[in-house]
file run.cif (mmCIF, C-alpha atoms)
data_input
loop_
_atom_site.label_atom_id
_atom_site.label_comp_id
_atom_site.auth_asym_id
_atom_site.auth_seq_id
_atom_site.Cartn_x
_atom_site.Cartn_y
_atom_site.Cartn_z
CA MET J 270 20.49 -7.02 9.11
CA LYS J 271 20.02 -3.37 8.26
CA TRP J 272 16.35 -3.80 7.45
CA ARG J 273 15.70 -5.14 10.95
CA VAL J 274 17.29 -2.04 12.40
CA ALA J 275 15.18 0.11 10.08
CA ILE J 276 11.99 -1.65 11.15
CA LEU J 277 12.80 -1.33 14.83
CA SER J 278 13.57 2.33 14.29
CA ALA J 279 10.27 2.84 12.47
CA LEU J 280 8.37 1.12 15.26
CA ALA J 281 10.11 3.23 17.86
CA MET J 282 9.22 6.40 15.97
CA ALA J 283 5.62 5.25 15.69
CA ALA J 284 5.50 4.56 19.42
CA VAL J 285 6.84 8.01 20.21
CA ALA J 286 4.31 9.56 17.81
CA GLY J 287 1.56 7.61 19.54
CA LEU J 288 2.62 8.91 22.92
CA VAL J 289 2.62 12.46 21.63
CA LEU J 290 -0.89 12.02 20.26
CA VAL J 291 -2.15 10.49 23.49
CA ALA J 292 -0.61 13.31 25.48
CA ALA J 293 -2.20 15.85 23.18
CA VAL J 294 -5.61 14.24 23.55
CA ASN J 295 -5.43 13.77 27.32
CA GLY J 296 -4.04 17.22 27.94
CA GLY J 297 -5.77 19.14 25.18
CA VAL J 298 -8.84 18.11 23.27
CA ALA J 299 -10.69 16.66 26.25
CA GLN J 300 -10.04 19.78 28.36
CA THR J 301 -11.38 22.19 25.74
CA GLY J 302 -14.54 20.18 25.30
CA SER J 303 -13.78 19.54 21.64
CA GLN J 304 -15.01 16.23 20.31
CA ARG J 305 -12.33 13.61 19.83
CA ILE J 306 -12.67 11.94 16.45
CA SER J 307 -10.87 8.64 16.06
CA PHE J 308 -9.90 7.57 12.54
CA VAL J 309 -8.02 4.29 12.15
CA MET J 310 -6.11 3.41 8.98
CA ALA J 311 -4.94 -0.16 8.34
CA THR J 312 -1.65 -0.28 6.44
CA GLY J 313 0.56 -3.36 6.06
CA SER J 314 3.85 -4.80 7.20
CA THR J 315 6.55 -2.46 8.45
CA ALA J 316 8.70 -4.01 5.71
CA GLY J 317 6.54 -2.53 2.96
CA THR J 318 5.42 0.84 1.61
CA TYR J 319 1.96 1.20 3.13
CA PHE J 320 3.34 1.65 6.64
CA PRO J 321 5.46 4.80 6.11
CA VAL J 322 2.94 6.38 3.72
CA GLY J 323 0.08 5.66 6.12
CA GLU J 324 2.04 7.15 9.01
CA ALA J 325 2.63 10.32 6.98
CA ILE J 326 -1.04 10.67 6.06
CA ALA J 327 -2.16 10.11 9.64
CA GLY J 328 0.28 12.77 10.82
CA ILE J 329 -0.98 15.25 8.23
CA VAL J 330 -4.70 14.91 8.94
CA SER J 331 -4.55 14.63 12.75
CA HIS J 332 -5.60 17.81 14.56
CA PRO J 333 -4.84 17.59 18.28
CA ARG J 334 -4.56 20.70 20.41
CA GLY J 335 -1.23 22.54 20.45
CA VAL J 336 -0.01 21.64 16.96
CA ASP J 337 1.01 24.97 15.44
CA ARG J 338 0.79 23.80 11.85
CA CYS J 339 -2.94 23.14 12.33
CA ASP J 340 -3.57 26.83 13.03
CA ARG J 341 -3.43 27.41 9.28
CA ARG J 342 -6.70 26.82 7.46
CA ASP J 343 -7.21 23.35 5.94
CA VAL J 344 -3.68 22.17 6.72
CA CYS J 345 -5.04 19.53 9.13
CA GLY J 346 -8.32 17.68 9.37
CA PRO J 347 -11.18 18.81 11.62
CA GLU J 348 -10.34 19.85 15.16
CA GLY J 349 -10.17 16.86 17.49
CA LEU J 350 -9.32 14.35 14.77
CA ILE J 351 -6.80 11.77 15.92
CA ALA J 352 -5.80 9.56 13.00
CA SER J 353 -3.78 6.45 13.76
CA THR J 354 -2.31 3.61 11.75
CA ARG J 355 -2.01 -0.07 12.45
CA THR J 356 -0.05 -2.78 10.73
CA SER J 357 -1.90 -5.61 9.05
CA GLU J 358 -1.44 -8.82 7.08
CA GLY J 359 -2.08 -6.92 3.85
CA THR J 360 -4.70 -5.88 1.32
CA ILE J 361 -7.16 -8.75 1.67
CA ALA J 362 -7.27 -8.31 5.43
CA ASN J 363 -7.62 -4.54 4.96
CA VAL J 364 -10.59 -4.84 2.60
CA PHE J 365 -12.42 -7.17 4.99
CA ALA J 366 -11.64 -4.84 7.92
CA VAL J 367 -12.95 -1.73 6.16
CA ASN J 368 -16.06 -3.49 4.87
CA ALA J 369 -16.87 -4.70 8.39
CA ARG J 370 -15.93 -1.30 9.89
CA GLN J 371 -13.18 -2.86 11.96
CA ALA J 372 -11.02 -0.11 10.46
CA ASP J 373 -12.25 3.26 9.21
CA SER J 374 -9.94 3.26 6.21
CA ALA J 375 -7.01 1.37 4.75
CA LEU J 376 -4.51 1.16 1.93
CA ALA J 377 -5.13 -1.61 -0.59
CA GLN J 378 -4.10 -2.86 -4.03
CA SER J 379 -6.37 -1.78 -6.88
CA ASP J 380 -6.59 -5.28 -8.41
CA VAL J 381 -7.70 -6.80 -5.11
CA VAL J 382 -10.24 -4.02 -4.49
CA ALA J 383 -11.71 -4.70 -7.95
CA GLU J 384 -12.15 -8.39 -7.05
CA ALA J 385 -13.68 -7.45 -3.69
CA ILE J 386 -16.36 -5.27 -5.25
CA ALA J 387 -17.15 -7.92 -7.87
CA GLY J 388 -17.14 -10.78 -5.37
CA LYS J 389 -14.54 -12.69 -7.36
CA GLY J 390 -11.36 -14.59 -6.52
CA VAL J 391 -10.78 -14.82 -2.78
CA PHE J 392 -14.02 -12.85 -2.27
CA ALA J 393 -16.22 -15.33 -4.15
CA LYS J 394 -17.20 -17.24 -1.02
CA PRO J 395 -17.65 -14.32 1.43
CA GLY J 396 -19.35 -12.29 -1.30
CA LYS J 397 -19.16 -8.75 -2.60
CA GLN J 398 -17.67 -6.21 -0.22
CA LEU J 399 -20.31 -3.53 -0.70
CA HIS J 400 -19.34 -1.09 2.06
CA VAL J 401 -15.96 -0.18 0.54
CA MET J 402 -15.49 3.17 -1.20
CA ALA J 403 -12.45 5.14 -2.35
CA ILE J 404 -10.83 8.27 -0.99
CA ALA J 405 -8.02 8.43 -3.54
CA ASP J 406 -5.78 6.62 -5.96
CA LEU J 407 -2.36 7.22 -4.40
CA TYR J 408 0.59 5.75 -6.31
CA PRO J 409 1.74 2.82 -8.48
CA GLU J 410 2.98 -0.38 -6.81
CA GLU J 411 5.49 -2.49 -8.70
CA VAL J 412 5.41 -6.28 -8.68
CA HIS J 413 8.78 -7.55 -7.44
CA VAL J 414 10.03 -11.09 -8.03
CA VAL J 415 13.11 -11.47 -5.85
CA VAL J 416 15.63 -14.30 -6.23
CA GLY J 417 19.03 -15.09 -4.79
CA ARG J 418 21.94 -13.29 -6.42
CA ARG J 419 23.52 -16.56 -7.55
CA ALA J 420 20.30 -18.25 -8.66
CA LYS J 421 20.81 -20.20 -11.88
CA PHE J 422 17.62 -19.05 -13.56
CA ASN J 423 16.65 -15.78 -15.18
CA SER J 424 12.95 -15.93 -15.96
CA ILE J 425 9.70 -16.55 -14.13
CA ALA J 426 9.03 -19.56 -16.35
CA GLU J 427 12.03 -21.20 -14.69
CA LEU J 428 10.40 -21.07 -11.26
CA ARG J 429 8.79 -24.44 -12.00
CA GLY J 430 9.67 -26.80 -9.17
CA LYS J 431 11.32 -24.01 -7.15
CA ARG J 432 10.56 -22.98 -3.58
CA VAL J 433 8.57 -19.76 -3.93
CA SER J 434 6.91 -17.53 -1.33
CA ILE J 435 3.84 -16.02 -2.98
CA GLY J 436 2.83 -13.80 -0.06
CA GLY J 437 0.76 -14.10 3.07
CA ARG J 438 -2.72 -15.57 2.69
CA ASN J 439 -4.36 -12.25 3.60
CA SER J 440 -2.03 -10.10 1.51
CA GLY J 441 -2.61 -8.48 -1.85
CA THR J 442 0.66 -9.97 -3.06
CA ILE J 443 -0.80 -13.48 -3.15
CA VAL J 444 -3.56 -12.41 -5.55
CA THR J 445 -1.12 -10.78 -7.95
CA ALA J 446 1.46 -13.57 -7.63
CA ARG J 447 -1.12 -16.17 -8.62
CA ALA J 448 -2.00 -14.11 -11.71
CA VAL J 449 1.67 -13.77 -12.67
CA LEU J 450 2.31 -17.49 -12.28
CA ALA J 451 -0.78 -18.34 -14.34
CA ALA J 452 0.36 -16.03 -17.15
CA TYR J 453 3.64 -17.95 -17.31
CA ARG J 454 1.70 -21.24 -17.31
CA LEU J 455 2.64 -22.04 -13.72
CA SER J 456 0.56 -22.43 -10.57
CA GLU J 457 0.85 -23.23 -6.90
CA LYS J 458 0.92 -26.88 -7.94
CA THR J 459 3.90 -26.44 -10.25
CA VAL J 460 6.06 -24.59 -7.70
CA LYS J 461 6.74 -25.39 -4.08
CA PRO J 462 4.74 -22.56 -2.50
CA SER J 463 5.00 -20.97 0.90
CA TYR J 464 2.78 -18.28 2.33
CA THR J 465 4.81 -15.74 4.24
CA GLY J 466 5.17 -12.00 4.43
CA ALA J 467 8.14 -10.24 2.87
CA ASP J 468 10.03 -9.87 6.13
CA LEU J 469 10.16 -13.64 6.78
CA ALA J 470 10.59 -14.43 3.08
CA ALA J 471 13.64 -12.16 2.93
CA THR J 472 15.22 -14.03 5.82
CA GLN J 473 14.43 -17.39 4.22
CA LEU J 474 15.89 -16.30 0.88
CA GLU J 475 19.11 -15.18 2.52
CA LYS J 476 19.39 -18.49 4.37
CA GLY J 477 18.78 -20.47 1.17
CA GLN J 478 15.47 -21.86 2.46
CA ILE J 479 13.50 -20.54 -0.53
CA ASP J 480 14.49 -19.71 -4.11
CA ALA J 481 12.27 -16.68 -4.74
CA PHE J 482 9.56 -14.49 -3.30
CA PHE J 483 6.93 -12.13 -4.66
CA PHE J 484 6.15 -8.75 -3.19
CA VAL J 485 3.94 -5.93 -4.42
CA GLY J 486 4.99 -2.49 -3.21
CA GLY J 487 6.11 0.94 -4.31
CA ALA J 488 9.78 0.84 -5.27
CA PRO J 489 12.14 1.00 -3.56
CA VAL J 490 10.83 -1.46 -0.97
CA PRO J 491 13.20 -1.13 2.03
CA ILE J 492 13.56 -4.84 2.71
CA ILE J 493 14.32 -5.59 -0.96
CA GLN J 494 16.62 -2.59 -1.16
CA ASP J 495 18.64 -4.03 1.72
CA LEU J 496 18.93 -7.50 0.17
CA ILE J 497 20.03 -6.14 -3.19
CA GLY J 498 22.35 -3.57 -1.64
CA ARG J 499 24.19 -6.30 0.26
CA GLY J 500 24.52 -8.47 -2.83
CA VAL J 501 22.12 -11.12 -1.53
CA ALA J 502 19.37 -10.80 -4.13
CA ARG J 503 18.36 -9.58 -7.57
CA LEU J 504 15.08 -9.07 -9.47
CA LEU J 505 13.54 -11.20 -12.19
CA PRO J 506 11.77 -9.31 -14.98
CA ILE J 507 8.11 -9.71 -15.85
CA ASP J 508 8.29 -9.39 -19.62
CA GLY J 509 7.81 -11.08 -22.98
CA ALA J 510 4.89 -13.28 -23.93
CA GLY J 511 4.15 -14.01 -20.29
CA ARG J 512 3.55 -10.33 -19.59
CA LYS J 513 1.28 -10.03 -22.62
CA ARG J 514 -0.83 -12.92 -21.35
CA LEU J 515 -0.83 -11.41 -17.86
CA LEU J 516 -2.16 -8.05 -19.05
CA ALA J 517 -4.89 -9.83 -21.02
CA LEU J 518 -5.88 -11.92 -17.99
CA ALA J 519 -5.64 -9.08 -15.46
CA PRO J 520 -6.57 -5.74 -17.09
CA SER J 521 -6.16 -3.95 -13.74
CA LEU J 522 -2.39 -4.40 -14.12
CA SER J 523 -0.25 -1.98 -16.13
CA VAL J 524 3.15 -2.13 -17.82
CA ARG J 525 5.81 -0.68 -15.56
CA VAL J 526 9.59 -0.35 -15.46
CA ILE J 527 11.59 -0.19 -12.24
CA SER J 528 14.07 2.42 -13.38
CA ALA J 529 17.82 1.85 -13.32
CA GLY J 530 19.38 2.77 -10.00
CA THR J 531 16.18 2.38 -7.99
CA TYR J 532 17.97 -0.54 -6.41
CA GLN J 533 21.75 -0.45 -6.03
CA ASN J 534 23.70 -1.70 -9.07
CA THR J 535 20.48 -2.78 -10.75
CA PRO J 536 19.62 -1.86 -14.36
CA ALA J 537 16.07 -1.11 -15.47
CA VAL J 538 13.74 -4.05 -14.81
CA ASP J 539 10.54 -4.68 -16.78
CA THR J 540 7.55 -5.50 -14.61
CA VAL J 541 3.89 -4.65 -14.07
CA SER J 542 2.14 -2.57 -11.45
CA VAL J 543 -1.11 -2.11 -9.60
CA HIS J 544 -2.11 1.04 -7.74
CA ALA J 545 -2.30 1.75 -4.04
CA ILE J 546 -5.86 2.84 -3.28
CA TRP J 547 -6.97 4.59 -0.10
CA ILE J 548 -10.29 2.93 0.78
CA VAL J 549 -12.87 3.85 3.40
CA ASN J 550 -16.08 2.51 4.88
CA ASP J 551 -19.14 4.03 3.23
CA SER J 552 -20.63 5.05 6.59
CA GLU J 553 -17.90 7.60 7.37
CA PRO J 554 -19.37 11.14 7.58
CA ASN J 555 -19.15 13.12 4.35
CA ASP J 556 -17.81 16.27 6.02
CA LEU J 557 -15.07 14.29 7.77
CA ILE J 558 -13.80 12.68 4.57
CA TYR J 559 -14.04 15.99 2.71
CA SER J 560 -11.89 17.70 5.35
CA ILE J 561 -9.38 14.83 5.41
CA VAL J 562 -8.92 14.86 1.63
CA LYS J 563 -8.62 18.64 1.61
CA SER J 564 -5.80 18.55 4.16
CA VAL J 565 -3.88 15.74 2.43
CA PHE J 566 -3.78 17.70 -0.82
CA ASN J 567 -3.04 21.05 0.78
CA PRO J 568 0.24 22.23 -0.85
CA ALA J 569 1.60 23.02 2.62
CA ASN J 570 1.76 19.26 3.26
CA ARG J 571 3.62 18.30 0.09
CA ALA J 572 6.99 17.99 1.85
CA LEU J 573 5.55 15.75 4.57
CA LEU J 574 4.29 13.32 1.93
CA ASN J 575 7.50 13.40 -0.10
CA ASN J 576 9.63 12.69 2.97
CA SER J 577 7.68 9.57 3.94
CA HIS J 578 8.65 7.30 1.03
CA PRO J 579 9.71 7.87 -2.61
CA SER J 580 6.38 6.45 -3.84
CA ALA J 581 4.52 9.26 -2.10
CA ARG J 582 5.81 11.75 -4.67
CA PHE J 583 3.23 10.22 -7.04
CA ILE J 584 0.35 11.25 -4.74
CA ARG J 585 -1.23 14.04 -6.80
CA VAL J 586 -4.66 15.58 -6.68
CA ASP J 587 -4.97 15.58 -10.48
CA GLN J 588 -4.57 11.77 -10.52
CA ALA J 589 -6.37 10.86 -7.30
CA ALA J 590 -9.78 10.31 -8.89
CA SER J 591 -8.50 8.48 -11.97
CA GLY J 592 -9.17 4.87 -12.88
CA LEU J 593 -10.59 3.83 -9.51
CA PRO J 594 -12.00 0.29 -9.22
CA VAL J 595 -14.63 1.40 -6.70
CA PRO J 596 -16.88 4.48 -6.35
CA LEU J 597 -15.60 7.56 -4.57
CA HIS J 598 -16.88 8.35 -1.09
CA PRO J 599 -19.28 11.34 -1.35
CA GLY J 600 -16.96 13.47 0.80
CA ALA J 601 -14.02 12.84 -1.51
CA LEU J 602 -16.24 13.28 -4.57
CA ARG J 603 -17.24 16.73 -3.31
CA TYR J 604 -13.61 17.79 -2.98
CA TYR J 605 -12.56 16.58 -6.44
CA ARG J 606 -15.63 18.20 -7.98
CA GLU J 607 -14.88 21.53 -6.29
CA THR J 608 -11.24 21.48 -7.40
CA GLY J 609 -12.07 20.47 -10.98
CA ASN J 610 -10.27 17.14 -10.81
CA LEU J 611 -13.17 14.89 -11.81
CA ALA J 612 -12.75 16.05 -15.39
CA ARG J 613 -9.49 14.08 -15.56
CA ARG J 614 -11.14 10.88 -14.44
CA THR J 615 -10.81 7.92 -16.80
#
call {"tool": "encode", "arguments": {"input": "run.cif", "output": "structure tokens"}}
result
Amino acid sequence: MKWRVAILSALAMAAVAGLVLVAAVNGGVAQTGSQRISFVMATGSTAGTYFPVGEAIAGIVSHPRGVDRCDRRDVCGPEGLIASTRTSEGTIANVFAVNARQADSALAQSDVVAEAIAGKGVFAKPGKQLHVMAIADLYPEEVHVVVGRRAKFNSIAELRGKRVSIGGRNSGTIVTARAVLAAYRLSEKTVKPSYTGADLAATQLEKGQIDAFFFVGGAPVPIIQDLIGRGVARLLPIDGAGRKRLLALAPSLSVRVISAGTYQNTPAVDTVSVHAIWIVNDSEPNDLIYSIVKSVFNPANRALLNNSHPSARFIRVDQAASGLPVPLHPGALRYYRETGNLARRT
């Protein structure tokens, strides 16, 4: 499958990038006596959107010796910063990792972050995740409900009794999928649920082992793009009375349309969205986060963001502090205050 080739290619590129960074550190920063600053960002599956966007951000903010672009003021993070990404099971795992400082930062769904801070949902038993703060609101993430091309049903309400993957147990998708099902008066008890990531779910759908799967990610999601492009799958809309109930039950969700042509031969599809939030542990130094945010939003880095994934074109400084479900880290707050972008906060 093409998506497998794409994933392997992405992993290979990441490995090469890692070797370059290691070489730069071993042959550069250590020799000059500059402090090496490690900054780890948890992303998600290579099949999703977090991985390529996280890789782009890490590349932008890293400042090893010998990188010419970093000679320009504020284009990179502080000297000696080596930012790296790692894959993960998804948003829930990322929130726990950042709160426990097992990762310095991560990408996460806004609806899940809201539950984490409130100690609700999957966070009711472990409790409020009080060491999580925000760096930026990045971009909208559409909720995808993917079914086989020849499936004989056309609405989410018709998933009753069907075999449905609602996401991995540590993913953000599972939280949103449960809310969607509830809004259509369904639940895990009224479908035949499985708990897998999108990569395995895509394989199972193609083999006829499941009837549908949920995935939350910035469109176009490569793995879904491949399935639809090959005529294997299509999208179900989230619309009508079910969507109205969903928005009432989950105010962190917003009305969204996946525009026509986003996926090959696919008309506009009504859905809902959450937002991808860049979260960070509250113990990270203020000056470090300030410098990181400043480099990400440096206009010189716009092309690097845009080339990572189509969703990254929505990463804008005038929206980054808007509607966040968690307080801003003081370093990020300083930057938005200095640039006049807190005034746009809602």
call {"tool": "atom_distance", "arguments": {"input": "run.cif", "atom1": "atom CA of Ser591 of chain J", "atom2": "atom CA of Asp380 of chain J"}}
result
14.3 Å
call {"tool": "residues_around", "arguments": {"input": "run.cif", "residues": "segment 549-555 of chain J", "least_positions_apart": "4", "cutoff": "8 Å", "atoms": "all atoms listed in the file", "output": "PyMOL selection string"}}
result
chain J and resi 367-368+370+372-375+400-404+559+598-601
call {"tool": "residues_near_point", "arguments": {"input": "run.cif", "point": "(-4.0, 16.2, 3.3)", "cutoff": "10 Å", "atoms": "only C-alpha atoms", "output": "PyMOL selection string"}}
result
chain J and resi 325-331+343-346+560-571+573-574
call {"tool": "residues_near_point", "arguments": {"input": "run.cif", "point": "(11.2, -8.1, -10.6)", "cutoff": "8 Å", "atoms": "all atoms listed in the file", "output": "list in words"}}
result
Val412, His413, Val414, Val415, Arg503, Leu504, Leu505, Pro506, Ile507, Val538, Asp539 and Thr540 of chain J
call {"tool": "resolve_selection", "arguments": {"input": "run.cif", "expression": "the PyMOL selection byres ((chain J and resi 541) around 9)", "output": "PDB file with C-alpha atoms, in the frame of the given file"}}
result
ATOM      1  CA  GLU J 410       2.980  -0.380  -6.810  1.00  0.00           C
ATOM      2  CA  GLU J 411       5.490  -2.490  -8.700  1.00  0.00           C
ATOM      3  CA  VAL J 412       5.410  -6.280  -8.680  1.00  0.00           C
ATOM      4  CA  HIS J 413       8.780  -7.550  -7.440  1.00  0.00           C
ATOM      5  CA  ILE J 507       8.110  -9.710 -15.850  1.00  0.00           C
ATOM      6  CA  ASP J 508       8.290  -9.390 -19.620  1.00  0.00           C
ATOM      7  CA  ARG J 512       3.550 -10.330 -19.590  1.00  0.00           C
ATOM      8  CA  LEU J 516      -2.160  -8.050 -19.050  1.00  0.00           C
ATOM      9  CA  LEU J 522      -2.390  -4.400 -14.120  1.00  0.00           C
ATOM     10  CA  SER J 523      -0.250  -1.980 -16.130  1.00  0.00           C
ATOM     11  CA  VAL J 524       3.150  -2.130 -17.820  1.00  0.00           C
ATOM     12  CA  ARG J 525       5.810  -0.680 -15.560  1.00  0.00           C
ATOM     13  CA  VAL J 526       9.590  -0.350 -15.460  1.00  0.00           C
ATOM     14  CA  ASP J 539      10.540  -4.680 -16.780  1.00  0.00           C
ATOM     15  CA  THR J 540       7.550  -5.500 -14.610  1.00  0.00           C
ATOM     16  CA  SER J 542       2.140  -2.570 -11.450  1.00  0.00           C
ATOM     17  CA  VAL J 543      -1.110  -2.110  -9.600  1.00  0.00           C
TER      18      VAL J 543
END
call {"tool": "closest_residue", "arguments": {"input": "run.cif", "among": "J:Ile493, J:Ile425, J:Leu474, J:Ala387", "to": "Gly511 of chain J", "atoms": "all atoms listed in the file"}}
result
J:Ile425
call {"tool": "atom_distance", "arguments": {"input": "run.cif", "atom1": "atom CA of Val485 of chain J", "atom2": "atom CA of Ile558 of chain J"}}
result
27.2 Å
call {"tool": "resolve_selection", "arguments": {"input": "run.cif", "expression": "the PyMOL selection byres ((chain J and resi 482) around 12)", "output": "NGL selection string"}}
result
:J and (412-417 or 425 or 428 or 431-437 or 442-443 or 446 or 450 or 460-475 or 477-481 or 483-485 or 493 or 502-505)
call {"tool": "closest_residue", "arguments": {"input": "run.cif", "among": "J:Pro347, J:Gly396, J:Pro520, J:Gly592", "to": "Ala545 of chain J", "atoms": "all atoms listed in the file"}}
result
J:Gly592
call {"tool": "atom_distance", "arguments": {"input": "run.cif", "atom1": "atom CA of Ala383 of chain J", "atom2": "atom CA of Lys397 of chain J"}}
result
10.0 Å
call {"tool": "residues_around", "arguments": {"input": "run.cif", "residues": "Glu384 of chain J", "least_positions_apart": "3", "cutoff": "12 Å", "atoms": "all atoms listed in the file", "output": "number ranges by chain"}}
result
J: 360-361, 364, 377-381, 387-399, 401, 441, 444-445, 519-521, 594-595
call {"tool": "axis_aligned_box", "arguments": {"input": "run.cif", "around": "segment 440-455 of chain J", "padding_each_side": "4 Å", "output": "JSON"}}
result
{"center_x": 0.0, "center_y": -15.3, "center_z": -7.9, "size_x": 15.2, "size_y": 21.6, "size_z": 26.8}
call {"tool": "closest_residue", "arguments": {"input": "run.cif", "among": "J:Gln533, J:Asn423, J:Ile492, J:Ser440", "to": "Thr318 of chain J", "atoms": "all atoms listed in the file"}}
result
J:Ile492
call {"tool": "closest_residue", "arguments": {"input": "run.cif", "among": "J:Lys476, J:Ala590, J:Tyr453, J:Gly498", "to": "Trp547 of chain J", "atoms": "all atoms listed in the file"}}
result
J:Ala590
call {"tool": "residues_around", "arguments": {"input": "run.cif", "residues": "Arg585 of chain J", "least_positions_apart": "3", "cutoff": "9 Å", "atoms": "only C-alpha atoms", "output": "VMD selection string"}}
result
chain J and resid 406 to 408 566 581 to 582 588 to 589
call {"tool": "closest_residue", "arguments": {"input": "run.cif", "among": "J:Ala451, J:Val501, J:Ile306, J:Ala537", "to": "Ala420 of chain J", "atoms": "all atoms listed in the file"}}
result
J:Val501
call {"tool": "build_atoms", "arguments": {"input": "run.cif", "residues": "segment 304-323 of chain J", "atoms": "N, CA and C atoms", "output": "tab-separated table (two decimals), keeping the file's coordinate frame"}}
result
chain	number	residue	atom	x	y	z
J	304	GLN	N	-14.76	17.64	20.54
J	304	GLN	CA	-15.01	16.23	20.31
J	304	GLN	C	-13.75	15.55	19.79
J	305	ARG	N	-13.43	14.39	20.36
J	305	ARG	CA	-12.33	13.61	19.83
J	305	ARG	C	-12.87	12.70	18.74
J	306	ILE	N	-12.26	12.75	17.58
J	306	ILE	CA	-12.67	11.94	16.45
J	306	ILE	C	-11.57	10.95	16.15
J	307	SER	N	-11.85	9.68	16.34
J	307	SER	CA	-10.87	8.64	16.06
J	307	SER	C	-11.01	8.17	14.62
J	308	PHE	N	-9.88	8.01	13.94
J	308	PHE	CA	-9.90	7.57	12.54
J	308	PHE	C	-8.73	6.61	12.34
J	309	VAL	N	-9.04	5.33	12.20
J	309	VAL	CA	-8.02	4.29	12.15
J	309	VAL	C	-7.78	3.87	10.70
J	310	MET	N	-6.50	3.83	10.32
J	310	MET	CA	-6.11	3.41	8.98
J	310	MET	C	-5.28	2.14	9.07
J	311	ALA	N	-5.73	1.07	8.42
J	311	ALA	CA	-4.94	-0.16	8.34
J	311	ALA	C	-3.93	-0.02	7.21
J	312	THR	N	-2.70	-0.43	7.45
J	312	THR	CA	-1.65	-0.28	6.44
J	312	THR	C	-1.16	-1.67	5.99
J	313	GLY	N	0.00	-2.07	6.43
J	313	GLY	CA	0.56	-3.36	6.06
J	313	GLY	C	1.74	-3.67	6.95
J	314	SER	N	2.64	-4.47	6.46
J	314	SER	CA	3.85	-4.80	7.20
J	314	SER	C	4.78	-3.60	7.27
J	315	THR	N	5.56	-3.53	8.34
J	315	THR	CA	6.55	-2.46	8.45
J	315	THR	C	7.64	-2.61	7.39
J	316	ALA	N	7.70	-3.77	6.75
J	316	ALA	CA	8.70	-4.01	5.71
J	316	ALA	C	8.30	-3.41	4.37
J	317	GLY	N	7.04	-3.00	4.24
J	317	GLY	CA	6.54	-2.53	2.96
J	317	GLY	C	6.43	-1.02	2.86
J	318	THR	N	5.59	-0.58	1.92
J	318	THR	CA	5.42	0.84	1.61
J	318	THR	C	4.22	1.45	2.31
J	319	TYR	N	3.17	0.66	2.52
J	319	TYR	CA	1.96	1.20	3.13
J	319	TYR	C	2.23	1.81	4.50
J	320	PHE	N	3.11	1.19	5.27
J	320	PHE	CA	3.34	1.65	6.64
J	320	PHE	C	3.87	3.08	6.70
J	321	PRO	N	4.98	3.42	6.02
J	321	PRO	CA	5.46	4.80	6.11
J	321	PRO	C	4.52	5.82	5.47
J	322	VAL	N	3.87	5.45	4.36
J	322	VAL	CA	2.94	6.38	3.72
J	322	VAL	C	1.72	6.61	4.62
J	323	GLY	N	1.22	5.53	5.20
J	323	GLY	CA	0.08	5.66	6.12
J	323	GLY	C	0.41	6.51	7.33
